[in-house]
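Coordinates from structure_19.csv are shown below (CSV, C-alpha atoms).
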```csv
chain,number,residue,atom,x,y,z
A,1,MET,CA,0.0,0.0,0.0
A,2,ASN,CA,1.3,3.5,-0.9
A,3,LYS,CA,1.9,6.5,1.3
A,4,LYS,CA,-1.2,8.3,0.0
A,5,PHE,CA,-3.4,5.5,1.3
A,6,TYR,CA,-2.0,5.8,4.8
A,7,ILE,CA,-2.3,9.6,4.8
A,8,SER,CA,-6.0,9.3,3.7
A,9,ILE,CA,-6.7,6.8,6.5
A,10,LEU,CA,-5.1,9.1,9.0
A,11,LEU,CA,-7.1,12.1,7.8
A,12,ILE,CA,-10.3,10.1,8.0
A,13,ILE,CA,-9.5,9.0,11.6
A,14,LEU,CA,-8.6,12.6,12.6
A,15,PHE,CA,-11.8,13.9,11.0
A,16,SER,CA,-14.0,11.2,12.7
A,17,THR,CA,-12.3,11.9,16.1
A,18,THR,CA,-12.9,15.6,15.7
A,19,LEU,CA,-16.6,15.1,14.9
A,20,ALA,CA,-16.9,12.7,17.9
A,21,LEU,CA,-15.3,15.2,20.2
A,22,GLU,CA,-17.6,17.9,18.9
A,23,ASN,CA,-20.7,15.7,19.4
A,24,ARG,CA,-19.6,14.9,23.0
A,25,THR,CA,-19.0,18.6,23.7
A,26,MET,CA,-22.5,19.4,22.6
A,27,SER,CA,-24.0,16.6,24.7
A,28,TRP,CA,-22.3,17.6,28.0
A,29,LYS,CA,-25.3,18.1,30.2
A,30,PHE,CA,-23.8,19.7,33.3
A,31,ASP,CA,-22.4,22.9,31.9
A,32,ASN,CA,-25.4,25.1,32.8
A,33,TYR,CA,-23.9,27.8,30.5
A,34,TYR,CA,-21.5,28.9,33.2
A,35,LYS,CA,-19.6,31.1,30.7
A,36,LYS,CA,-22.3,32.0,28.3
A,37,LYS,CA,-25.2,33.0,30.5
A,38,ARG,CA,-25.7,34.5,33.8
A,39,ILE,CA,-27.2,32.0,36.2
A,40,PHE,CA,-29.7,34.1,38.2
A,41,LEU,CA,-31.0,31.9,40.9
A,42,HIS,CA,-34.0,34.1,41.4
A,43,GLU,CA,-36.4,31.3,42.0
A,44,PHE,CA,-35.0,31.4,45.6
A,45,VAL,CA,-36.2,35.0,45.9
A,46,THR,CA,-39.0,36.0,43.4
A,47,TYR,CA,-40.6,32.6,43.3
A,48,ASP,CA,-40.3,31.7,47.0
A,49,PHE,CA,-43.6,31.2,48.7
A,50,ASP,CA,-44.8,33.7,51.3
A,51,SER,CA,-43.9,32.7,54.9
A,52,ASP,CA,-47.5,32.5,55.9
A,53,TRP,CA,-48.4,30.2,53.0
A,54,THR,CA,-45.4,28.0,53.8
A,55,MET,CA,-46.2,27.7,57.5
A,56,GLU,CA,-49.7,26.7,56.6
A,57,TRP,CA,-48.5,24.0,54.2
A,58,GLU,CA,-46.0,22.6,56.8
A,59,LYS,CA,-48.7,22.6,59.5
A,60,ASN,CA,-51.1,20.5,57.4
A,61,LEU,CA,-48.5,18.3,55.8
A,62,PHE,CA,-50.0,15.1,57.3
A,63,LYS,CA,-53.3,16.4,58.3
A,64,LYS,CA,-55.2,17.7,55.2
A,65,HIS,CA,-55.2,17.1,51.5
A,66,GLY,CA,-53.2,19.8,49.8
A,67,LEU,CA,-52.2,21.0,46.4
A,68,ARG,CA,-49.3,23.5,45.8
A,69,LEU,CA,-48.2,24.9,42.4
A,70,ASN,CA,-45.3,27.2,41.6
A,71,VAL,CA,-44.6,28.0,38.0
A,72,GLY,CA,-42.4,30.8,36.7
A,73,SER,CA,-39.9,31.8,34.0
A,74,VAL,CA,-36.2,31.6,34.9
A,75,SER,CA,-34.7,32.4,31.5
A,76,LEU,CA,-35.8,33.0,27.9
A,77,ASP,CA,-36.2,29.2,27.3
A,78,ASN,CA,-36.5,27.7,30.8
A,79,LEU,CA,-39.6,27.4,33.1
A,80,PHE,CA,-39.4,26.6,36.7
A,81,ASN,CA,-42.0,24.0,37.8
A,82,GLU,CA,-42.9,22.8,41.3
A,83,VAL,CA,-46.0,20.6,41.9
A,84,LEU,CA,-46.8,19.2,45.3
A,85,ILE,CA,-49.9,17.0,46.0
A,86,ASN,CA,-50.6,15.5,49.4
A,87,ILE,CA,-53.5,13.1,50.1
A,88,ASN,CA,-54.1,12.2,53.7
A,89,SER,CA,-57.2,10.0,54.0
A,90,GLU,CA,-58.2,8.5,57.3
A,91,LEU,CA,-59.6,5.0,56.5
A,92,GLY,CA,-60.9,4.1,59.9
A,93,ASN,CA,-59.7,1.7,62.6
A,94,ASN,CA,-56.6,3.9,62.9
A,95,TRP,CA,-55.5,3.3,59.3
A,96,TRP,CA,-54.5,6.1,56.9
A,97,PHE,CA,-53.9,6.2,53.2
A,98,ARG,CA,-51.0,8.5,52.2
A,99,LEU,CA,-50.0,9.9,48.8
A,100,PHE,CA,-47.2,12.4,48.3
A,101,TYR,CA,-46.5,13.6,44.7
A,102,ASN,CA,-43.6,15.9,44.0
A,103,ARG,CA,-42.4,17.3,40.6
A,104,ASN,CA,-39.6,19.8,40.4
A,105,ASP,CA,-37.9,21.4,37.3
A,106,SER,CA,-35.3,23.8,38.5
A,107,LYS,CA,-32.5,25.6,36.8
A,108,PHE,CA,-30.0,25.1,39.6
A,109,LYS,CA,-30.8,21.4,40.0
A,110,ASN,CA,-29.1,18.9,37.7
A,111,THR,CA,-31.8,16.5,37.0
A,112,PHE,CA,-35.6,16.5,36.7
A,113,GLU,CA,-37.1,15.3,39.9
A,114,GLU,CA,-40.4,13.5,40.2
A,115,SER,CA,-41.7,11.1,42.9
A,116,ASN,CA,-45.1,9.6,43.7
A,117,TYR,CA,-45.1,7.9,47.1
A,118,ILE,CA,-48.2,5.9,47.9
A,119,GLY,CA,-48.8,3.7,51.0
A,120,PHE,CA,-50.5,3.0,54.2
A,121,GLU,CA,-50.0,4.1,57.8
A,122,LYS,CA,-51.2,2.6,61.1
A,123,LYS,CA,-51.7,4.4,64.4
A,124,ILE,CA,-50.2,2.2,67.1
A,125,THR,CA,-50.7,4.3,70.2
A,126,LEU,CA,-52.0,7.8,70.9
A,127,LYS,CA,-48.9,9.4,69.4
A,128,LEU,CA,-47.0,6.7,67.4
A,129,TYR,CA,-47.6,5.8,63.8
A,130,ILE,CA,-45.8,3.3,61.5
A,131,PHE,CA,-46.0,3.4,57.7
A,132,SER,CA,-44.8,1.9,54.5
A,133,LEU,CA,-44.6,4.0,51.3
A,134,CYS,CA,-43.6,3.0,47.7
A,135,ASN,CA,-42.4,5.4,45.1
A,136,HIS,CA,-43.9,4.1,41.8
A,137,TYR,CA,-42.1,4.3,38.4
A,138,TYR,CA,-43.0,2.8,35.1
A,139,ASN,CA,-39.5,1.3,35.0
A,140,LYS,CA,-39.6,-1.2,37.9
A,141,GLU,CA,-35.9,-1.0,38.5
A,142,GLU,CA,-36.4,2.6,39.7
A,143,ILE,CA,-39.0,1.9,42.4
A,144,ASP,CA,-38.1,3.1,45.9
A,145,LEU,CA,-39.3,1.9,49.3
A,146,ASP,CA,-39.7,3.8,52.6
A,147,LEU,CA,-40.3,2.2,56.0
A,148,GLY,CA,-40.7,4.5,59.0
A,149,PHE,CA,-42.5,5.9,62.0
A,150,MET,CA,-44.1,9.1,63.1
A,151,ILE,CA,-44.6,10.6,66.5
A,152,ALA,CA,-47.2,13.3,66.5
A,153,ASP,CA,-49.6,15.2,68.7
A,154,GLN,CA,-53.3,14.8,68.5
A,155,SER,CA,-53.7,17.6,66.0
A,156,LEU,CA,-51.1,16.1,63.6
A,157,GLU,CA,-49.6,19.7,63.3
A,158,LYS,CA,-46.5,18.8,65.4
A,159,TYR,CA,-44.6,15.8,64.3
A,160,CYS,CA,-41.4,13.9,64.0
A,161,ARG,CA,-41.4,11.6,61.0
A,162,ILE,CA,-38.4,9.4,60.0
A,163,ALA,CA,-38.2,6.8,57.3
A,164,LEU,CA,-35.5,4.4,56.2
A,165,CYS,CA,-35.2,4.7,52.4
A,166,TRP,CA,-34.2,1.9,50.1
A,167,ASP,CA,-34.0,3.3,46.6
A,168,ASN,CA,-34.1,1.2,43.5
A,169,PHE,CA,-34.6,-1.8,45.8
A,170,VAL,CA,-35.3,-4.3,43.0
A,171,TYR,CA,-32.7,-2.9,40.6
A,172,ASN,CA,-30.6,-6.1,40.4
A,173,LYS,CA,-33.6,-8.2,39.3
A,174,LYS,CA,-35.4,-5.7,37.0
A,175,ASN,CA,-32.7,-3.7,35.1
A,176,LYS,CA,-32.0,-4.8,31.5
A,177,LYS,CA,-28.3,-3.9,31.5
A,178,GLY,CA,-27.1,-6.7,33.8
A,179,GLY,CA,-26.3,-4.1,36.4
A,180,LYS,CA,-25.3,-5.1,40.0
A,181,ILE,CA,-25.6,-2.7,42.9
A,182,THR,CA,-22.2,-2.5,44.7
A,183,LYS,CA,-23.6,-1.0,47.9
A,184,LEU,CA,-27.1,-0.8,49.3
A,185,PRO,CA,-28.7,2.5,48.3
A,186,LEU,CA,-30.0,3.3,51.8
A,187,GLY,CA,-30.9,6.6,53.3
A,188,ILE,CA,-33.0,8.6,55.7
A,189,ARG,CA,-35.9,10.8,54.9
A,190,TRP,CA,-37.4,13.1,57.6
A,191,ALA,CA,-40.0,15.8,58.3
A,192,VAL,CA,-40.0,17.5,61.7
A,193,ARG,CA,-42.2,20.3,63.1
A,194,PHE,CA,-42.5,21.5,66.7
A,195,GLY,CA,-42.9,24.6,68.7
A,196,ASN,CA,-45.6,27.1,69.5
A,197,ASN,CA,-47.3,30.2,68.2
A,198,THR,CA,-44.2,32.3,69.0
A,199,LEU,CA,-41.3,30.0,68.0
A,200,CYS,CA,-41.6,27.1,65.5
A,201,PHE,CA,-39.0,24.8,63.9
A,202,PHE,CA,-39.4,22.9,60.7
A,203,SER,CA,-37.0,20.6,58.8
A,204,GLU,CA,-37.3,18.1,56.0
A,205,GLY,CA,-34.9,16.4,53.7
A,206,LYS,CA,-33.3,13.2,52.5
A,207,TYR,CA,-29.7,11.9,53.0
A,208,THR,CA,-28.5,8.7,51.2
A,209,THR,CA,-25.5,6.6,50.7
A,210,GLY,CA,-25.9,7.0,47.0
A,211,PHE,CA,-26.6,4.6,44.1
A,212,SER,CA,-23.6,2.7,42.7
A,213,VAL,CA,-23.8,0.0,40.0
A,214,ASP,CA,-21.4,-2.2,38.1
A,215,TYR,CA,-22.3,-3.4,34.6
A,216,PRO,CA,-20.0,-6.4,34.0
A,217,ASN,CA,-21.7,-7.7,30.9
A,218,GLN,CA,-20.6,-5.6,27.9
A,219,LYS,CA,-23.1,-7.2,25.6
A,220,LEU,CA,-26.0,-6.0,27.8
A,221,SER,CA,-24.3,-2.6,28.5
A,222,PRO,CA,-22.0,-1.9,25.6
A,223,GLU,CA,-21.1,1.7,26.7
A,224,ILE,CA,-21.2,2.3,30.5
A,225,TYR,CA,-19.6,-0.1,32.9
A,226,TYR,CA,-19.9,1.9,36.2
A,227,LEU,CA,-22.4,4.4,37.6
A,228,ASP,CA,-22.3,6.3,40.9
A,229,GLN,CA,-25.0,8.9,41.8
A,230,LYS,CA,-25.9,10.7,45.0
A,231,ILE,CA,-28.6,13.3,45.5
A,232,ASP,CA,-29.3,14.9,48.9
A,233,ASN,CA,-31.6,17.8,50.0
A,234,ILE,CA,-31.8,19.4,53.4
A,235,THR,CA,-34.1,22.2,54.6
A,236,ALA,CA,-34.2,23.7,58.1
A,237,LYS,CA,-36.4,26.7,59.1
A,238,LEU,CA,-37.0,28.7,62.2
A,239,TYR,CA,-40.1,31.0,62.6
A,240,TYR,CA,-40.2,33.6,65.3
A,241,THR,CA,-43.5,35.6,65.8
A,242,PRO,CA,-43.0,38.0,68.7
A,243,SER,CA,-46.3,39.7,68.0
A,244,GLU,CA,-49.2,39.8,65.5
A,245,LYS,CA,-47.4,42.6,63.7
A,246,SER,CA,-44.1,40.9,63.0
A,247,LEU,CA,-42.6,37.6,61.7
A,248,LEU,CA,-39.0,36.5,61.3
A,249,GLU,CA,-38.0,33.5,59.2
A,250,LEU,CA,-34.6,32.0,59.1
A,251,LYS,CA,-34.0,29.3,56.4
A,252,PHE,CA,-31.1,27.0,55.5
A,253,TYR,CA,-31.2,24.9,52.3
A,254,TYR,CA,-28.6,22.5,50.9
A,255,TYR,CA,-28.6,20.7,47.6
A,256,HIS,CA,-26.0,18.0,46.7
A,257,PHE,CA,-25.6,16.3,43.4
A,258,TYR,CA,-22.8,13.9,42.4
A,259,GLN,CA,-22.6,11.6,39.4
A,260,GLN,CA,-19.8,9.5,38.0
A,261,GLU,CA,-20.0,7.5,34.8
A,262,LEU,CA,-17.2,5.3,33.5
A,263,TYR,CA,-17.3,4.1,29.9
A,264,TYR,CA,-15.4,1.4,28.0
A,265,GLU,CA,-14.3,4.3,25.8
A,266,SER,CA,-12.4,6.2,28.5
A,267,LEU,CA,-12.6,9.6,26.8
A,268,ASN,CA,-16.3,9.7,27.8
A,269,SER,CA,-15.8,8.9,31.5
A,270,TYR,CA,-16.5,11.8,33.9
A,271,SER,CA,-17.4,12.8,37.4
A,272,TYR,CA,-19.4,15.9,38.3
A,273,LEU,CA,-20.3,17.5,41.7
A,274,ASN,CA,-22.7,20.4,42.2
A,275,GLU,CA,-23.6,21.9,45.6
A,276,ILE,CA,-25.9,24.8,46.4
A,277,PHE,CA,-26.1,26.5,49.8
A,278,ASN,CA,-28.9,29.0,50.4
A,279,ASN,CA,-29.3,30.9,53.6
A,280,THR,CA,-32.3,33.2,53.9
A,281,ILE,CA,-33.5,35.8,56.3
A,282,LYS,CA,-37.1,37.1,55.9
A,283,PHE,CA,-38.8,39.7,58.1
A,284,ARG,CA,-42.3,41.1,57.9
A,285,TYR,CA,-43.7,44.0,59.8
A,286,PHE,CA,-47.2,45.5,59.7
A,287,LEU,CA,-47.2,49.3,59.6
A,288,ASN,CA,-51.0,49.3,60.0
A,289,GLU,CA,-53.9,46.9,59.3
A,290,LYS,CA,-53.4,47.2,55.5
A,291,ILE,CA,-49.7,47.8,54.9
A,292,ASN,CA,-46.7,45.6,55.7
A,293,ILE,CA,-43.1,45.7,54.6
A,294,LYS,CA,-41.0,42.6,54.0
A,295,PRO,CA,-37.2,42.9,53.8
A,296,GLU,CA,-35.3,39.7,52.7
A,297,PHE,CA,-31.7,38.7,52.5
A,298,HIS,CA,-30.5,35.7,50.5
A,299,PHE,CA,-26.9,34.3,50.6
A,300,ILE,CA,-26.2,31.7,47.9
A,301,LEU,CA,-23.1,29.7,47.4
A,302,GLN,CA,-22.6,27.3,44.5
A,303,ASN,CA,-19.7,24.9,43.9
A,304,SER,CA,-19.4,22.8,40.8
A,305,HIS,CA,-16.5,20.5,39.9
A,306,ALA,CA,-16.0,18.3,36.8
A,307,HIS,CA,-13.3,15.7,36.2
A,308,GLY,CA,-12.5,13.3,33.4
A,309,TYR,CA,-14.1,14.1,30.1
A,310,LYS,CA,-14.3,17.7,31.2
A,311,LYS,CA,-12.2,19.3,33.9
A,312,TYR,CA,-13.2,22.5,35.6
A,313,ASP,CA,-14.0,24.2,38.9
A,314,PHE,CA,-16.8,26.7,39.2
A,315,THR,CA,-17.6,28.8,42.3
A,316,ARG,CA,-20.5,31.3,42.6
A,317,LEU,CA,-21.1,33.6,45.5
A,318,GLU,CA,-24.3,35.7,45.5
A,319,PHE,CA,-26.0,38.1,47.9
A,320,ILE,CA,-29.5,39.2,47.1
A,321,PRO,CA,-31.3,41.7,49.4
A,322,GLY,CA,-34.9,42.6,48.6
A,323,LEU,CA,-37.6,44.8,49.9
A,324,PHE,CA,-41.4,44.2,49.3
A,325,LEU,CA,-44.3,46.5,50.1
A,326,ASN,CA,-47.6,44.8,50.6
A,327,TYR,CA,-51.1,46.4,50.6
A,328,SER,CA,-54.0,44.3,51.7
A,329,LEU,CA,-57.7,44.6,50.7
A,330,SER,CA,-60.6,42.6,51.9
A,331,LYS,CA,-59.9,39.5,49.7
A,332,SER,CA,-56.8,40.5,47.7
A,333,GLU,CA,-53.3,41.9,48.1
A,334,TRP,CA,-51.0,44.0,45.9
A,335,GLU,CA,-47.3,43.9,46.3
A,336,ILE,CA,-44.3,45.6,44.7
A,337,GLY,CA,-40.7,44.4,45.2
A,338,TYR,CA,-37.2,45.5,44.5
A,339,MET,CA,-34.2,43.2,44.5
A,340,ILE,CA,-30.5,43.7,44.0
A,341,SER,CA,-28.2,40.8,43.0
A,342,ASN,CA,-24.5,41.1,43.8
A,343,PHE,CA,-22.5,38.0,42.6
A,344,ASP,CA,-19.0,36.8,41.8
A,345,PHE,CA,-18.3,33.7,39.9
A,346,ASN,CA,-15.1,32.0,38.9
A,347,TYR,CA,-14.7,29.4,36.2
A,348,ASP,CA,-11.3,27.6,36.3
A,349,ASP,CA,-10.8,25.3,33.4
A,350,ILE,CA,-7.9,22.9,32.7
A,351,ILE,CA,-7.5,24.8,29.4
A,352,ALA,CA,-6.3,28.2,30.6
A,353,GLU,CA,-7.9,30.3,27.9
A,354,ASN,CA,-11.3,29.0,29.0
A,355,ASN,CA,-10.9,30.5,32.4
A,356,TYR,CA,-13.6,33.1,33.3
A,357,GLU,CA,-14.2,35.5,36.2
A,358,LYS,CA,-17.1,38.0,36.6
A,359,ASN,CA,-18.4,40.4,39.2
A,360,CYS,CA,-21.8,41.7,38.6
A,361,TYR,CA,-24.5,43.9,40.1
A,362,GLU,CA,-28.1,43.7,38.8
A,363,GLU,CA,-31.5,44.8,39.8
A,364,LYS,CA,-34.9,43.3,39.6
A,365,VAL,CA,-38.4,44.7,40.1
A,366,GLN,CA,-41.6,42.8,40.7
A,367,ILE,CA,-45.3,43.4,41.0
A,368,SER,CA,-47.8,40.8,42.2
A,369,TRP,CA,-51.4,40.3,43.0
A,370,THR,CA,-52.8,37.8,45.4
A,371,TYR,CA,-56.5,36.7,45.7
A,372,ASN,CA,-57.7,34.8,48.7
A,373,ILE,CA,-60.4,32.7,47.1
A,374,ASN,CA,-61.5,31.3,50.5
A,375,LYS,CA,-59.8,30.3,53.8
A,376,ASN,CA,-58.3,27.2,52.1
A,377,THR,CA,-57.4,28.5,48.7
A,378,ARG,CA,-55.1,31.3,47.5
A,379,LEU,CA,-53.8,32.4,44.1
A,380,LEU,CA,-50.8,34.7,43.3
A,381,LEU,CA,-49.9,36.2,39.9
A,382,SER,CA,-46.7,38.2,39.5
A,383,LEU,CA,-44.6,39.9,36.8
A,384,SER,CA,-40.9,40.6,37.3
A,385,HIS,CA,-38.1,42.1,35.1
A,386,VAL,CA,-34.3,42.7,35.1
A,387,PRO,CA,-34.0,46.1,33.4
A,388,SER,CA,-30.4,45.5,32.3
A,389,ILE,CA,-31.2,42.4,30.3
A,390,ASP,CA,-33.2,42.9,27.1
A,391,GLY,CA,-36.2,40.6,26.9
A,392,PHE,CA,-35.5,39.0,30.2
A,393,GLY,CA,-38.7,39.2,32.2
A,394,GLY,CA,-40.7,36.6,34.2
A,395,ALA,CA,-44.3,35.7,35.0
A,396,ASN,CA,-45.0,33.5,38.0
A,397,LEU,CA,-48.1,31.7,39.4
A,398,HIS,CA,-48.5,30.5,43.0
A,399,TYR,CA,-51.5,28.4,44.0
A,400,ILE,CA,-52.2,26.6,47.2
A,401,MET,CA,-55.3,24.7,48.2
A,402,PHE,CA,-56.4,22.5,51.2
A,403,PHE,CA,-59.3,20.2,50.8
```

Rewrite the structure of this file - the entire thing - as structure tokens.
Amino acid sequence: MNKKFYISILLIILFSTTLALENRTMSWKFDNYYKKKRIFLHEFVTYDFDSDWTMEWEKNLFKKHGLRLNVGSVSLDNLFNEVLININSELGNNWWFRLFYNRNDSKFKNTFEESNYIGFEKKITLKLYIFSLCNHYYNKEEIDLDLGFMIADQSLEKYCRIALCWDNFVYNKKNKKGGKITKLPLGIRWAVRFGNNTLCFFSEGKYTTGFSVDYPNQKLSPEIYYLDQKIDNITAKLYYTPSEKSLLELKFYYYHFYQQELYYESLNSYSYLNEIFNNTIKFRYFLNEKINIKPEFHFILQNSHAHGYKKYDFTRLEFIPGLFLNYSLSKSEWEIGYMISNFDFNYDDIIAENNYEKNCYEEKVQISWTYNINKNTRLLLSLSHVPSIDGFGGANLHYIMFF
């Protein structure tokens, strides 16, 4: 064979490799446009539920049926979605039917979240309950199981609920890739609420060992041979109501996402970590019967790290103060808000020319209207806008109902 043939083969290989690398670059799903777009985490601020609404939801978490919707624009092409449905049916003879549905599409989270826990609960003594819940999925290998207990007062408004979680508990038998779990995917899920009308504490979350799988059969799994994933959420709140005129809310939120995938073709292997810390201070004070002011302060820290196929470190520190003025009528409320976002972010890539740093200051304004349909149902509609970004506005809908 002549030299031209070998050169042609080499060019074809180089061209195919370039295309493959370009395709893999386009398919990288964890970039979040760190360098191309500003990640304004304003769902923490503009789309956060009012403290009164949230306290009412937490108080009735295991007492009443409830529906909560939160939908709003977070960019020109992304829509934040949160849907919560609780069904708490007392069946008689100290038995309860429970259903907890949760859907969450968020810009700062790395994967679409949806769960549908259904099960039964038995009251053992005056304050002790035991329960079993199953998270149903169409793909049976993804089904999760919760076993736990709850200690609650007679009103079911104060509770301590703890469950042992066993995620993907039939994965070894039901998955079609020949995957074998390398460690039990166990965890703890909790919901706690206690206190009085002056001081109240609430916490909920889930902490797990993670989900690790080997795929030893390359015929059944021709690409991936190892997967490790861990997703945790922690929320803790403290409400202080010294008088009818004022309310203070302190909130801590933590989100942890880690995923590692190893492929037979090593160029595709990667690991990715993303953490979000959100500390919030909210205060409300009634100037008179109709007017109240609500200053808020949000401190947000984001850390993201990628290794393997892509390698970079990203850090974002953001401080968002806001001031809201609320005017109440007989069945409705009007509110205007003004927020300032101060943020620094640093993108440190293995390729030096990709490094990126930015320090920004931006403002956001909002107007909202709330209608109290009845004592169990409320609706909020709002419009918000960042003046410095052309075309970047946002509409938001809040809806909460107990039945």

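All residues of protein, DNA or RNA that reach within 7 Å of segment 69-78 of chain A, judged by all atoms listed in the file and not counting those fewer than 6 positions away in the chain, are Leu84, Phe392, Gly394, Ala395, Asn396, Leu397, His398, Tyr399 and Ile400 of chain A.
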
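Compared by their closest atoms to Ile367 of chain A, and using only C-alpha atoms, the residues A:Asn355, A:Ser132, A:Thr46, A:Ser382 rank with A:Ser382 nearest.
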
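Going from atom CA of Ile151 of chain A to atom CA of Arg193 of chain A covers 10.6 Å.
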
List every protein, DNA or RNA residue that has at least one atom no more than 9 Å from (-55.1, 34.2, 44.1) in the file's coordinates, counting all atoms listed in the file, and write the result as a PyMOL selection string.
chain A and resi 332-333+369-373+377-381+397-400

Which of A:Ala352, A:Cys360, A:Leu199, A:Ile300 sits closest to Glu43 of chain A [using all atoms listed in the file]:
A:Ile300

Near Ser388 of chain A, within 9 Å and counting only C-alpha atoms, which residues show up once chain neighbours fewer than 3 positions away are dropped, as number ranges by chain?
A: 362-364, 385, 392

Give me, as a VMD selection string, all polymer residues having an atom no more than 9 Å from segment 53-57 of chain A, counting all atoms listed in the file and skipping those fewer than 6 positions away in the same chain.
chain A and resid 66 68 202 239 378 400 402
